[in-house]
Amino acid sequence: MDAAQQEATARARELQRNWYGEPLGALFRKLIDDLGLNQARLAGVLGLSAPMLSQLMSGQRAKIGNPAVVQRVQLLQDLAGQVADGSVSAAEATDRMEEIKKSQGGSVLSNTTTTTSSSGAPTVKRVVREIQSLLRSVAAAGDIIEAADTLAPSHPELAEFLRVYGAGRTSDAVAHYQSHQN
């Protein structure tokens with residue numbers, strides 16, 4: 001790889017860090033390890049071609065262009081956390097990955113108990129994911145953080161909202177949402 005290619009790769013990884021919180025190579029490797037996948041299976045669940053996944057991991061490409069794929073990444077990160085803390089079994093994770101694979105963005109109907117209450121009303125997690133999806137379809141995580149930093153001196157609560165929902169994990173956003181309910 002020549003110097004220009006190395007510089008382009010370094011720039012792509014820095015953009016990924018700003019947009020997704022870390023370079024996609026590291027993020028995808030964690031998902032592969034945590035969920036027991038290989039690259040081809042991860043690409044299939046995300047709805048990416050194997051070459052595109054490889055280009056994102058290596059820094060040849062910086063951005064995931066499809067918002068539905070970005071949401072699937074977020075859902076897989078949440079699922080990996082649930083597997084790690086023991087709240088989801090490996091077998092259940094496999095079923096959920098199939099549901100994530102079929103999702104088209106927006107709401108993901110993983111099962112009725114996690115998306116709607118017995119009355120049919122959306123659950124907190126579903127509402128939070130809708131807010132996250134909307135914010136993340138408007139701007140990249142790095143841009144949202146930058147906007148939050150700009151707002152923080154005069155509007156700290158709004159800045160916190162942007163950080164938590166626009167660039168944070170779903171579990172943190174659920175906690176934030178619940179803490180602001182009466």
# chains A, B, ... in the order shown; residues from 1 in each chain; ligands from 1

$ residues_around --residues "region 158-171 of chain A" --least-positions-apart "2" --cutoff "7 Å" --atoms "only C-alpha atoms" --output "VMD selection string"
chain A and resid 78 129 131 to 132 135 to 136 141 144 to 145 148 to 149 151 to 152 155 to 156 173 to 175

$ residues_around --residues "Met97 (chain A)" --least-positions-apart "3" --cutoff "8 Å" --atoms "only C-alpha atoms" --output "ChimeraX atom specification"
/A:45,76,93-94,100-101

$ write_last_selection --atoms "N, CA and C atoms" --output "mmCIF file, in the first residue's frame"
data_model
loop_
_atom_site.group_PDB
_atom_site.id
_atom_site.type_symbol
_atom_site.label_atom_id
_atom_site.label_comp_id
_atom_site.auth_asym_id
_atom_site.auth_seq_id
_atom_site.Cartn_x
_atom_site.Cartn_y
_atom_site.Cartn_z
ATOM 1 N N VAL A 45 -26.344 -11.061 7.510
ATOM 2 C CA VAL A 45 -27.286 -10.518 8.495
ATOM 3 C C VAL A 45 -27.446 -9.016 8.295
ATOM 4 N N LEU A 76 -27.535 -5.505 16.274
ATOM 5 C CA LEU A 76 -26.582 -6.578 16.569
ATOM 6 C C LEU A 76 -25.713 -6.231 17.773
ATOM 7 N N ALA A 93 -30.326 -15.981 20.236
ATOM 8 C CA ALA A 93 -29.578 -14.985 19.452
ATOM 9 C C ALA A 93 -29.627 -15.331 17.968
ATOM 10 N N THR A 94 -29.528 -16.607 17.646
ATOM 11 C CA THR A 94 -29.590 -17.039 16.242
ATOM 12 C C THR A 94 -30.937 -16.666 15.637
ATOM 13 N N ILE A 100 -33.382 -9.730 12.566
ATOM 14 C CA ILE A 100 -32.621 -8.524 12.239
ATOM 15 C C ILE A 100 -32.305 -8.506 10.749
ATOM 16 N N LYS A 101 -31.913 -9.646 10.217
ATOM 17 C CA LYS A 101 -31.582 -9.761 8.790
ATOM 18 C C LYS A 101 -32.770 -9.357 7.915
#

$ residues_around --residues "Ile32 (chain A)" --least-positions-apart "6" --cutoff "12 Å" --atoms "only C-alpha atoms" --output "ChimeraX atom specification"
/A:24-26,38-43,45-46,57,73,76-77,79-80

$ write_last_selection --atoms "N, CA and C atoms" --output "mmCIF file, in the first residue's frame"
data_model
loop_
_atom_site.group_PDB
_atom_site.id
_atom_site.type_symbol
_atom_site.label_atom_id
_atom_site.label_comp_id
_atom_site.auth_asym_id
_atom_site.auth_seq_id
_atom_site.Cartn_x
_atom_site.Cartn_y
_atom_site.Cartn_z
ATOM 1 N N LEU A 24 -14.956 0.636 11.908
ATOM 2 C CA LEU A 24 -15.858 -0.478 11.646
ATOM 3 C C LEU A 24 -15.149 -1.827 11.703
ATOM 4 N N GLY A 25 -13.878 -1.875 11.394
ATOM 5 C CA GLY A 25 -13.136 -3.139 11.508
ATOM 6 C C GLY A 25 -13.204 -3.668 12.929
ATOM 7 N N ALA A 26 -12.963 -2.801 13.908
ATOM 8 C CA ALA A 26 -13.012 -3.210 15.318
ATOM 9 C C ALA A 26 -14.440 -3.552 15.733
ATOM 10 N N ASN A 38 -18.997 -15.635 11.242
ATOM 11 C CA ASN A 38 -17.863 -15.368 10.365
ATOM 12 C C ASN A 38 -18.220 -14.142 9.530
ATOM 13 N N GLN A 39 -17.281 -13.655 8.738
ATOM 14 C CA GLN A 39 -17.536 -12.425 7.976
ATOM 15 C C GLN A 39 -18.691 -12.596 6.995
ATOM 16 N N ALA A 40 -18.768 -13.740 6.346
ATOM 17 C CA ALA A 40 -19.832 -13.951 5.360
ATOM 18 C C ALA A 40 -21.204 -13.925 6.035
ATOM 19 N N ARG A 41 -21.313 -14.565 7.206
ATOM 20 C CA ARG A 41 -22.591 -14.579 7.932
ATOM 21 C C ARG A 41 -22.951 -13.175 8.421
ATOM 22 N N LEU A 42 -21.959 -12.433 8.934
ATOM 23 C CA LEU A 42 -22.216 -11.057 9.378
ATOM 24 C C LEU A 42 -22.699 -10.216 8.199
ATOM 25 N N ALA A 43 -22.037 -10.340 7.068
ATOM 26 C CA ALA A 43 -22.448 -9.582 5.883
ATOM 27 C C ALA A 43 -23.890 -9.916 5.517
ATOM 28 N N VAL A 45 -26.344 -11.061 7.510
ATOM 29 C CA VAL A 45 -27.286 -10.518 8.495
ATOM 30 C C VAL A 45 -27.446 -9.016 8.295
ATOM 31 N N LEU A 46 -26.346 -8.327 8.011
ATOM 32 C CA LEU A 46 -26.411 -6.874 7.836
ATOM 33 C C LEU A 46 -27.051 -6.463 6.514
ATOM 34 N N MET A 57 -14.411 -2.817 6.707
ATOM 35 C CA MET A 57 -13.523 -3.267 7.786
ATOM 36 C C MET A 57 -12.088 -2.801 7.572
ATOM 37 N N VAL A 73 -26.722 -2.882 12.396
ATOM 38 C CA VAL A 73 -25.482 -2.891 13.191
ATOM 39 C C VAL A 73 -25.826 -2.583 14.651
ATOM 40 N N LEU A 76 -27.535 -5.505 16.274
ATOM 41 C CA LEU A 76 -26.582 -6.578 16.569
ATOM 42 C C LEU A 76 -25.713 -6.231 17.773
ATOM 43 N N GLN A 77 -25.335 -4.955 17.909
ATOM 44 C CA GLN A 77 -24.564 -4.543 19.086
ATOM 45 C C GLN A 77 -25.383 -4.773 20.355
ATOM 46 N N LEU A 79 -27.830 -6.926 20.726
ATOM 47 C CA LEU A 79 -27.954 -8.366 20.887
ATOM 48 C C LEU A 79 -26.672 -8.956 21.473
ATOM 49 N N ALA A 80 -25.527 -8.517 20.991
ATOM 50 C CA ALA A 80 -24.251 -9.006 21.521
ATOM 51 C C ALA A 80 -24.134 -8.700 23.012
#

$ select_by_dssp --residues "chain A" --states "alpha helix (DSSP H)" --output "ChimeraX atom specification"
/A:3-20,24-35,39-46,50-58,67-84,90-102,112-115,124-138,141-151,156-167,170-179

$ atom_distance --atom1 "CA of Ser179 (chain A)" --atom2 "CA of Arg126 (chain A)"
16.1 Å
